[in-house]
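A.B. asks: Sharing structure_15.txt here; it has compact mmCIF, C-alpha atoms.
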```txt
# COMPACT_ATOMS: atom_id res chain seq x y z
CA MET A 1 0.00 0.00 0.00
CA ARG A 2 1.26 3.47 -0.92
CA ILE A 3 1.22 6.25 1.65
CA THR A 4 2.35 9.84 1.16
CA LEU A 5 3.52 12.91 3.09
CA PRO A 6 3.97 16.52 1.90
CA VAL A 7 7.67 17.28 2.46
CA ASN A 8 9.91 20.32 2.11
CA ASN A 9 12.93 18.40 0.78
CA LYS A 10 13.61 15.21 -1.15
CA ASP A 11 14.86 13.51 1.99
CA ILE A 12 13.39 10.92 4.35
CA LYS A 13 14.58 13.19 7.19
CA SER A 14 12.73 16.19 5.75
CA ASP A 15 10.19 18.15 7.78
CA ILE A 16 6.53 17.86 6.87
CA CYS A 17 5.36 20.79 4.73
CA PRO A 18 2.47 22.65 6.38
CA SER A 19 0.74 23.17 3.00
CA PHE A 20 -0.89 20.20 1.33
CA GLY A 21 -1.74 21.72 -2.04
CA ARG A 22 1.45 23.74 -2.42
CA THR A 23 4.05 21.44 -0.87
CA PRO A 24 7.11 21.23 -3.15
CA TYR A 25 7.25 17.40 -2.98
CA PHE A 26 5.31 14.38 -1.88
CA LEU A 27 7.25 11.52 -0.34
CA ILE A 28 5.62 8.25 -1.38
CA TYR A 29 6.33 5.22 0.77
CA ASP A 30 5.28 1.71 -0.17
CA THR A 31 4.48 -0.32 2.95
CA ASP A 32 4.89 -3.60 1.03
CA ASP A 33 8.40 -3.26 -0.40
CA LYS A 34 9.52 -0.34 1.85
CA SER A 35 10.52 1.70 -1.23
CA ILE A 36 10.55 5.50 -1.21
CA ILE A 37 10.09 7.86 -4.12
CA PHE A 38 9.63 11.62 -4.31
CA LEU A 39 7.01 13.21 -6.50
CA ASP A 40 7.34 16.83 -7.66
CA ASN A 41 4.10 18.56 -6.79
CA LEU A 42 3.02 20.08 -10.10
CA ALA A 43 -0.04 21.53 -8.39
CA ALA A 44 2.15 23.97 -6.43
CA GLN A 45 2.45 26.18 -9.53
CA SER A 46 -1.31 26.49 -10.05
CA ALA A 47 -2.83 29.95 -9.82
CA GLY A 48 -5.82 28.42 -8.05
CA GLY A 49 -7.21 25.05 -7.09
CA ALA A 50 -3.81 23.67 -6.01
CA GLY A 51 -5.37 21.46 -3.33
CA ILE A 52 -7.75 19.93 -5.88
CA LYS A 53 -4.96 19.22 -8.35
CA ALA A 54 -2.63 17.79 -5.69
CA ALA A 55 -5.42 15.52 -4.44
CA GLN A 56 -6.10 14.38 -8.01
CA MET A 57 -2.43 13.66 -8.57
CA LEU A 58 -2.29 11.47 -5.46
CA LEU A 59 -5.45 9.61 -6.52
CA ASP A 60 -3.82 8.96 -9.89
CA GLN A 61 -0.78 7.58 -8.02
CA SER A 62 -2.99 5.02 -6.23
CA ILE A 63 -2.22 6.53 -2.83
CA LYS A 64 -4.38 5.17 0.00
CA ILE A 65 -3.09 7.10 3.02
CA ILE A 66 -1.92 10.71 3.50
CA ILE A 67 -0.08 11.97 6.57
CA ALA A 68 -0.35 15.76 6.79
CA PRO A 69 -0.90 18.59 9.28
CA ARG A 70 -4.02 19.86 7.50
CA TYR A 71 -5.79 20.06 4.18
CA GLY A 72 -8.42 22.27 2.61
CA GLU A 73 -12.09 21.60 2.02
CA ASN A 74 -11.75 21.35 -1.76
CA ALA A 75 -8.97 18.77 -1.47
CA ALA A 76 -11.09 16.96 1.13
CA LYS A 77 -13.96 16.52 -1.36
CA VAL A 78 -11.64 14.91 -3.89
CA LEU A 79 -9.83 12.70 -1.37
CA LEU A 80 -13.11 11.55 0.15
CA ASP A 81 -14.55 10.64 -3.25
CA GLY A 82 -11.36 8.76 -4.07
CA GLY A 83 -11.37 6.91 -0.75
CA ILE A 84 -8.05 8.30 0.57
CA LYS A 85 -7.66 8.47 4.37
CA VAL A 86 -5.77 11.35 5.99
CA TYR A 87 -3.85 11.03 9.26
CA LYS A 88 -2.53 13.90 11.35
CA ASN A 89 1.25 14.00 11.51
CA VAL A 90 3.29 14.26 14.70
CA ALA A 91 6.16 16.73 15.15
CA GLY A 92 9.36 15.60 13.48
CA THR A 93 10.63 14.15 10.23
CA ALA A 94 8.88 12.19 7.52
CA GLU A 95 10.75 9.10 8.71
CA LYS A 96 9.46 9.50 12.26
CA ASN A 97 5.90 9.85 10.92
CA ILE A 98 6.13 6.75 8.74
CA LYS A 99 7.32 4.76 11.77
CA ALA A 100 4.52 6.20 13.88
CA TYR A 101 2.01 5.24 11.21
CA GLU A 102 3.32 1.69 11.04
CA LYS A 103 2.94 1.40 14.81
CA ASN A 104 -0.67 2.68 14.56
CA GLN A 105 0.25 5.77 16.58
CA LEU A 106 -1.35 8.39 14.30
CA ASP A 107 -4.86 9.79 14.59
CA ILE A 108 -7.26 10.38 11.71
CA LEU A 109 -7.21 14.09 10.73
CA ALA A 110 -10.79 15.15 11.21
CA ASP A 111 -10.69 18.94 11.12
CA ILE A 112 -10.61 20.42 7.66
CA HIS A 113 -9.66 24.05 7.44
CA PRO A 114 -11.82 26.24 5.18
CA GLY A 115 -8.83 27.25 3.10
CA PHE A 116 -7.09 30.51 2.40
CA HIS A 117 -9.11 31.01 -0.76
CA ASN A 118 -9.78 34.71 -1.40
CA HIS A 119 -7.13 35.43 1.23
CA GLY A 120 -9.62 34.83 4.01
CA ASN A 121 -11.75 37.87 3.15
CA LYS A 122 -14.81 36.16 1.83
CA MET B 1 -24.76 51.50 -33.40
CA GLY B 2 -24.82 54.06 -30.64
CA THR B 3 -22.69 57.17 -30.86
CA ASN B 4 -21.90 57.38 -27.19
CA LYS B 5 -18.57 58.40 -25.68
CA LYS B 6 -17.32 56.47 -22.70
CA ILE B 7 -15.55 58.33 -19.92
CA VAL B 8 -14.10 55.93 -17.40
CA VAL B 9 -13.33 57.06 -13.86
CA LEU B 10 -10.80 54.92 -12.06
CA SER B 11 -8.26 54.88 -9.26
CA GLY B 12 -5.64 52.58 -7.87
CA LYS B 13 -7.32 52.33 -4.50
CA GLY B 14 -10.77 52.59 -3.01
CA GLY B 15 -12.11 55.74 -1.36
CA THR B 16 -10.31 58.29 -3.54
CA GLY B 17 -13.46 59.79 -5.01
CA LYS B 18 -14.33 57.79 -8.15
CA THR B 19 -18.00 57.83 -7.31
CA LEU B 20 -17.92 61.52 -6.31
CA VAL B 21 -16.40 62.44 -9.69
CA SER B 22 -18.43 60.12 -11.92
CA VAL B 23 -21.77 60.83 -10.23
CA ASN B 24 -21.27 64.59 -10.40
CA LEU B 25 -20.10 64.51 -14.02
CA ALA B 26 -23.10 62.43 -15.07
CA ALA B 27 -25.45 64.71 -13.14
CA ALA B 28 -23.87 67.90 -14.56
CA ASP B 29 -24.09 66.66 -18.16
CA PHE B 30 -27.28 66.67 -20.22
CA ASP B 31 -28.84 63.31 -21.00
CA SER B 32 -26.15 60.99 -19.78
CA TYR B 33 -25.58 57.47 -18.55
CA TYR B 34 -24.00 56.54 -15.26
CA LEU B 35 -22.63 52.98 -15.12
CA ASP B 36 -21.63 51.54 -11.77
CA CYS B 37 -19.11 48.83 -12.67
CA ASP B 38 -18.03 48.29 -9.07
CA VAL B 39 -20.29 45.25 -8.92
CA GLU B 40 -18.68 43.95 -5.74
CA GLU B 41 -19.58 47.04 -3.75
CA PRO B 42 -21.74 49.35 -5.84
CA ASN B 43 -22.56 52.70 -4.25
CA GLY B 44 -23.65 55.05 -7.07
CA HIS B 45 -27.30 54.23 -6.36
CA LEU B 46 -26.94 55.79 -2.91
CA TYR B 47 -26.55 59.16 -4.66
CA PHE B 48 -28.83 58.82 -7.64
CA LYS B 49 -31.55 56.87 -5.79
CA PRO B 50 -32.78 55.82 -9.22
CA GLN B 51 -36.24 54.61 -10.01
CA ILE B 52 -35.53 51.05 -11.16
CA LEU B 53 -37.13 50.35 -14.52
CA GLU B 54 -35.73 46.92 -15.22
CA GLU B 55 -33.83 44.24 -13.37
CA LYS B 56 -32.41 41.04 -14.81
CA ASN B 57 -30.30 38.09 -13.77
CA VAL B 58 -26.82 37.56 -15.16
CA SER B 59 -25.83 33.96 -15.74
CA VAL B 60 -22.74 32.08 -16.82
CA LEU B 61 -22.49 28.54 -18.16
CA ILE B 62 -21.03 25.80 -16.00
CA PRO B 63 -20.66 22.09 -16.77
CA ASN B 64 -23.24 19.55 -15.75
CA VAL B 65 -21.93 15.99 -15.70
CA ASN B 66 -24.11 12.97 -16.42
CA ASN B 67 -22.32 10.32 -14.37
CA ASP B 68 -24.23 7.52 -16.13
CA LEU B 69 -22.55 8.47 -19.41
CA CYS B 70 -19.12 9.28 -17.91
CA ILE B 71 -16.46 6.70 -18.81
CA GLY B 72 -13.92 8.01 -16.28
CA CYS B 73 -11.27 9.00 -18.84
CA LYS B 74 -10.43 12.23 -16.93
CA LYS B 75 -9.97 14.17 -20.18
CA CYS B 76 -12.08 16.98 -18.71
CA VAL B 77 -10.02 17.01 -15.50
CA ASN B 78 -6.75 17.24 -17.40
CA PHE B 79 -8.12 19.87 -19.75
CA CYS B 80 -9.28 22.29 -17.04
CA GLN B 81 -6.57 24.93 -16.51
CA PHE B 82 -8.28 26.19 -13.36
CA ASN B 83 -8.49 22.84 -11.54
CA ALA B 84 -12.26 23.16 -11.30
CA LEU B 85 -12.74 19.45 -12.01
CA ALA B 86 -11.48 16.31 -10.28
CA PHE B 87 -12.24 12.62 -10.52
CA GLY B 88 -12.40 10.15 -7.65
CA LYS B 89 -15.18 7.68 -8.32
CA LYS B 90 -17.11 10.29 -10.28
CA VAL B 91 -16.45 13.76 -11.70
CA ILE B 92 -16.40 16.43 -8.99
CA LEU B 93 -17.09 20.04 -10.03
CA PHE B 94 -15.93 23.09 -8.09
CA LYS B 95 -18.40 25.64 -9.44
CA GLU B 96 -16.81 28.69 -7.87
CA ILE B 97 -13.46 27.92 -9.57
CA CYS B 98 -14.97 27.31 -13.03
CA HIS B 99 -14.25 30.10 -15.55
CA SER B 100 -17.04 29.01 -17.94
CA CYS B 101 -14.73 28.24 -20.85
CA GLY B 102 -16.79 25.23 -21.94
CA GLY B 103 -13.67 23.20 -22.78
CA CYS B 104 -14.61 20.21 -20.62
CA ALA B 105 -17.82 19.69 -22.59
CA LEU B 106 -15.85 19.87 -25.86
CA VAL B 107 -13.19 17.31 -24.90
CA CYS B 108 -15.57 14.76 -23.34
CA PRO B 109 -15.58 11.77 -25.73
CA ALA B 110 -18.70 10.31 -24.10
CA HIS B 111 -20.75 13.52 -24.40
CA ALA B 112 -21.40 13.25 -20.67
CA ILE B 113 -20.95 16.99 -20.08
CA THR B 114 -23.52 19.59 -21.04
CA GLU B 115 -23.55 23.23 -19.98
CA ILE B 116 -26.15 24.74 -17.70
CA GLU B 117 -26.76 28.30 -16.55
CA LYS B 118 -25.73 29.53 -13.14
CA THR B 119 -26.86 32.96 -11.89
CA VAL B 120 -23.93 35.07 -10.69
CA GLY B 121 -25.64 38.39 -10.05
CA ILE B 122 -28.09 40.99 -11.31
CA VAL B 123 -28.08 44.07 -13.49
CA ASN B 124 -30.54 46.90 -13.00
CA ILE B 125 -31.48 49.85 -15.16
CA GLY B 126 -32.91 52.97 -13.62
CA ILE B 127 -33.47 56.67 -14.04
CA SER B 128 -32.65 59.66 -11.86
CA GLU B 129 -33.69 63.01 -13.39
CA ASN B 130 -31.38 63.59 -16.41
CA VAL B 131 -29.31 60.46 -15.78
CA LYS B 132 -30.00 56.90 -16.79
CA THR B 133 -28.27 54.52 -14.42
CA VAL B 134 -27.04 51.00 -15.08
CA GLY B 135 -25.62 49.00 -12.23
CA GLY B 136 -25.23 45.49 -11.02
CA ILE B 137 -24.32 43.42 -8.06
CA MET B 138 -22.44 40.17 -7.85
CA ASN B 139 -23.79 37.35 -5.72
CA THR B 140 -21.86 36.71 -2.51
CA GLY B 141 -19.23 34.02 -2.96
CA GLU B 142 -18.76 34.43 -6.69
CA ALA B 143 -15.18 34.66 -7.92
CA SER B 144 -15.56 37.16 -10.74
CA GLY B 145 -17.76 40.16 -11.48
CA ILE B 146 -16.66 40.32 -15.11
CA PRO B 147 -19.82 38.68 -16.58
CA ILE B 148 -21.89 41.34 -14.81
CA ILE B 149 -19.69 44.20 -16.04
CA LYS B 150 -19.93 42.83 -19.59
CA ASN B 151 -23.68 42.87 -19.23
CA ILE B 152 -23.69 46.46 -17.95
CA LEU B 153 -21.51 47.62 -20.85
CA GLU B 154 -23.58 45.67 -23.35
CA TYR B 155 -26.61 47.74 -22.37
CA ILE B 156 -25.16 51.05 -23.65
CA LYS B 157 -23.84 49.61 -26.92
CA ASP B 158 -26.64 51.02 -29.06
CA LYS B 159 -27.26 54.12 -26.95
CA SER B 160 -26.23 57.71 -27.65
CA GLY B 161 -24.95 60.28 -25.19
CA ASN B 162 -22.07 60.50 -22.77
CA VAL B 163 -21.47 57.50 -20.57
CA TYR B 164 -19.72 57.91 -17.22
CA ILE B 165 -18.30 54.67 -15.95
CA ASP B 166 -17.55 54.29 -12.24
CA CYS B 167 -14.87 51.58 -12.06
CA PRO B 168 -14.03 49.08 -9.37
CA PRO B 169 -10.89 50.11 -7.45
CA GLY B 170 -7.48 48.76 -8.34
CA SER B 171 -5.94 47.67 -11.61
CA ALA B 172 -6.98 44.01 -11.95
CA CYS B 173 -8.92 42.15 -14.68
CA ILE B 174 -12.23 43.60 -13.55
CA VAL B 175 -10.88 47.13 -14.15
CA MET B 176 -9.41 46.18 -17.53
CA GLU B 177 -12.83 44.95 -18.59
CA SER B 178 -14.28 48.32 -17.62
CA ILE B 179 -11.73 50.46 -19.46
CA LYS B 180 -10.99 48.55 -22.65
CA ASP B 181 -13.60 50.43 -24.70
CA ALA B 182 -13.03 53.81 -23.01
CA ASP B 183 -12.75 57.01 -25.02
CA TYR B 184 -11.18 58.84 -22.10
CA CYS B 185 -9.94 57.89 -18.64
CA ILE B 186 -10.09 60.06 -15.54
CA LEU B 187 -7.73 58.95 -12.79
CA VAL B 188 -8.71 60.11 -9.31
CA ALA B 189 -5.90 60.39 -6.76
CA GLU B 190 -5.38 61.40 -3.15
CA PRO B 191 -2.58 63.72 -1.99
CA THR B 192 -0.60 61.05 -0.14
CA ILE B 193 2.41 58.86 -0.87
CA PHE B 194 0.11 55.84 -0.90
CA GLY B 195 -2.24 57.72 -3.24
CA ALA B 196 0.63 58.52 -5.63
CA HIS B 197 1.76 54.88 -5.59
CA ASN B 198 -1.71 53.67 -6.53
CA LEU B 199 -2.03 56.41 -9.14
CA GLU B 200 1.16 55.11 -10.71
CA MET B 201 -0.26 51.57 -10.89
CA VAL B 202 -3.45 52.65 -12.57
CA TYR B 203 -1.58 55.04 -14.87
CA GLU B 204 0.57 52.10 -16.04
CA LEU B 205 -2.61 50.20 -16.86
CA VAL B 206 -4.15 53.08 -18.81
CA LYS B 207 -0.89 53.50 -20.75
CA LEU B 208 -0.93 49.78 -21.55
CA PHE B 209 -4.36 50.22 -23.11
CA ASN B 210 -3.18 53.36 -24.92
CA LYS B 211 -6.02 55.47 -23.54
CA PRO B 212 -5.96 59.27 -23.31
CA CYS B 213 -6.21 60.30 -19.67
CA GLY B 214 -6.12 63.08 -17.14
CA VAL B 215 -6.00 63.25 -13.37
CA VAL B 216 -8.39 64.65 -10.80
CA LEU B 217 -6.55 65.45 -7.58
CA ASN B 218 -9.05 65.00 -4.79
CA LYS B 219 -8.96 65.97 -1.10
CA CYS B 220 -6.27 68.57 -1.79
CA THR B 221 -4.83 70.41 1.19
CA GLU B 222 -2.07 72.99 1.48
CA GLY B 223 1.36 71.47 1.40
CA LEU B 224 2.99 68.68 -0.53
CA ASN B 225 0.92 66.56 -2.90
CA PRO B 226 2.86 63.46 -4.00
CA SER B 227 0.19 62.67 -6.62
CA GLU B 228 0.62 66.14 -8.12
CA GLU B 229 4.39 65.60 -8.21
CA PHE B 230 3.84 62.31 -10.04
CA CYS B 231 1.66 64.02 -12.66
CA LYS B 232 4.25 66.74 -13.24
CA GLU B 233 7.10 64.24 -13.54
CA ASN B 234 5.15 62.20 -16.08
CA ASN B 235 3.54 65.08 -17.96
CA ILE B 236 0.02 63.97 -17.11
CA GLU B 237 -2.65 66.61 -17.38
CA ILE B 238 -4.22 67.63 -14.08
CA LEU B 239 -7.87 68.28 -14.93
CA VAL B 240 -9.00 69.74 -11.66
CA GLN B 241 -8.03 69.92 -8.00
CA ILE B 242 -10.88 69.31 -5.57
CA PRO B 243 -10.15 70.75 -2.12
CA TYR B 244 -10.43 68.77 1.10
CA ASP B 245 -13.63 70.41 2.17
CA ALA B 246 -16.03 69.70 5.04
CA GLU B 247 -19.07 70.93 3.10
CA LEU B 248 -18.44 68.55 0.22
CA GLY B 249 -17.71 65.74 2.66
CA GLU B 250 -21.01 66.34 4.40
CA LEU B 251 -23.00 66.42 1.16
CA ASN B 252 -21.33 63.22 0.11
CA SER B 253 -21.88 61.42 3.39
CA ASN B 254 -25.58 62.33 3.19
CA GLY B 255 -25.84 60.80 -0.28
CA LYS B 256 -26.29 64.20 -1.94
CA ILE B 257 -24.97 65.05 -5.38
CA ALA B 258 -23.04 68.34 -5.19
CA VAL B 259 -24.08 69.64 -8.63
CA ARG B 260 -27.73 69.09 -7.73
CA GLU B 261 -27.23 71.15 -4.56
CA ASN B 262 -25.95 74.67 -4.04
CA TYR B 263 -22.39 73.61 -3.33
CA LYS B 264 -20.02 76.59 -3.32
CA ASN B 265 -17.35 74.89 -5.48
CA ASN B 266 -19.62 73.45 -8.14
CA GLU B 267 -17.68 75.27 -10.85
CA LEU B 268 -14.98 72.63 -10.30
CA PHE B 269 -17.27 69.91 -11.61
CA TYR B 270 -18.49 72.04 -14.53
CA SER B 271 -14.93 72.96 -15.48
CA LEU B 272 -14.04 69.26 -15.36
CA LEU B 273 -17.06 68.42 -17.51
CA ASN B 274 -16.07 71.04 -20.08
CA LYS B 275 -12.48 69.81 -20.23
CA VAL B 276 -13.60 66.23 -20.70
CA LYS B 277 -16.13 67.19 -23.37
CA GLU B 278 -13.42 69.09 -25.20
CA VAL B 279 -11.17 66.00 -25.43
CA ILE B 280 -13.85 63.52 -26.45
CA LYS B 281 -15.43 65.85 -29.01
```
Turn this file's structure into structure tokens for me.

C.D. replies:
Amino acid sequence: MRITLPVNNKDIKSDICPSFGRTPYFLIYDTDDKSIIFLDNLAAQSAGGAGIKAAQMLLDQSIKIIIAPRYGENAAKVLLDGGIKVYKNVAGTAEKNIKAYEKNQLDILADIHPGFHNHGNK
Amino acid sequence: MGTNKKIVVLSGKGGTGKTLVSVNLAAADFDSYYLDCDVEEPNGHLYFKPQILEEKNVSVLIPNVNNDLCIGCKKCVNFCQFNALAFGKKVILFKEICHSCGGCALVCPAHAITEIEKTVGIVNIGISENVKTVGGIMNTGEASGIPIIKNILEYIKDKSGNVYIDCPPGSACIVMESIKDADYCILVAEPTIFGAHNLEMVYELVKLFNKPCGVVLNKCTEGLNPSEEFCKENNIEILVQIPYDAELGELNSNGKIAVRENYKNNELFYSLLNKVKEVIK
């Protein structure tokens, strides 16, 4: 099964990126063969709808689990329809979070933030 | 075709006096049109208090997906440059992100996408003494007022007379839509550093569109006026200087139109009107 984390650097010891839609990379970890790849987040360059595009990209990559600090309501709609589960990360590196996930120590991320669309004015 | 002349009043920031200038020009002219293109926060009607003759909805087209016909090829998702479509187990549409280009319906090989109308706001046509007013308001939550502005401008296409267009503030797409057919642009600026900075932005835009323009310096006080300096440095005509005046402020805050009252400095507005008429002749 493939799980993913938004990361700031192409490194297993990277921090988790606070933005889901505009993270520079996604670290993809395969729980079966323990392989790791990094995916450039093409959605980060979008003028709008980055969360939607990032979510679509992960669906297309057959991701089943996301570990992230938060995600927006538009991304949530796509992830929900695609059957992806999101867990809340703990402080620390991507590596630490993968280990925590494998030990069932992460909680489901329930709160979805309304997004920074329209810069919070509307 | 109408033989109207369009005078667009704009500024780089809000609150400089666009409405003051455009409302008074329209009221001082003979049979004229006043168009309130600030469809996010229209306020011209507070002055004209027009009798509304006609009101209509403005709609745009958005896709409607028939999931029974959809084959899940994601061609629509990949086509959309605005990321308004996604596909999980079915096509998901984000209406507020859609720019109504219609491309998704064109690329769908299964003909599962048709276009349906979505109301984004209203346009109203009214009359206030010598002035015909056209305004609109965008529905809360909509991303773009441009379809409404297009509708407002469409209305005067076959009309004659001078048209005074009260623009939205700033220099974004919504302003470009308002000025692209202008015959003359009036830039309204405040006597502050911030005012001069915003004047510069909007002046750049007007230059880009190759429009003749002049500046109204509003709220002028004694002392330095950075907006005036900017005009002198760039050889931009200063049409009129409106003083920072309590009487005018009071009229304005009570929704009164200076040229329809006995305001002591009304010759300022008439001199502005004459200058503008001279250029657009």

A.B. asks: State, in Å with one decimal place, the distance from atom CA of Lys132 of chain B to atom CA of Tyr33 of chain B.

C.D. replies: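 Interatomic distance, atom CA of Lys132 of chain B to atom CA of Tyr33 of chain B: 4.8 Å.
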
A.B. asks: For the atom pair atom CA of Phe38 of chain A and atom CA of Glu102 of chain A, what is the interatomic distance in Å to one decimal place?

C.D. replies: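 Interatomic distance, atom CA of Phe38 of chain A to atom CA of Glu102 of chain A: 19.3 Å.
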
A.B. asks: Using only C-alpha atoms, which chain A residues lie at most 9 Å away from chain B, written as a PyMOL selection string?

C.D. replies: chain A and resi 46-53+55-56+59-60+74+77-83+118+122

A.B. asks: Excluding Tyr47 of chain B and any residue of its chain fewer than 5 positions from it, enumerate the residues within 8 Å of it, using all atoms listed in the file, and give them as a compact mmCIF listing (two decimals) with C-alpha atoms, in the frame of the given file.

C.D. replies:
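Output contents, as saved in around-v9.txt:
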```txt
# COMPACT_ATOMS: atom_id res chain seq x y z
CA VAL B 23 -21.77 60.83 -10.23
CA GLY B 255 -25.84 60.80 -0.28
CA LYS B 256 -26.29 64.20 -1.94
CA ILE B 257 -24.97 65.05 -5.38
```

A.B. asks: Pick out the residues sitting within 10 Å of Ile108 of chain A, and hand them over as a list in words; count all atoms listed in the file, and ignore anything fewer than 3 positions along from it in its own chain.

C.D. replies: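 After dropping sequence-adjacent residues, the list is Ile66, Ile67, Lys85, Val86, Tyr87, Lys88, Asn89 and Asp111 of chain A.
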
A.B. asks: My list of candidates is B:Gly135, B:Gly145, B:Gly17, B:Gly161. Which is closest to Val175 of chain B when distances are computed with all atoms listed in the file?

C.D. replies: B:Gly145

A.B. asks: Counting all atoms listed in the file, I want the residues whose atoms come within 10 Å of (-28.0, 48.7, -21.8) in the file frame, returned as an NGL selection string.

C.D. replies: :B and (33 or 35 or 123-125 or 132-135 or 151-159)

A.B. asks: Which distance in Å separates atom CA of Cys37 of chain B and atom CA of Cys167 of chain B, to one decimal?

C.D. replies: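 Between atom CA of Cys37 of chain B and atom CA of Cys167 of chain B the gap is 5.1 Å.
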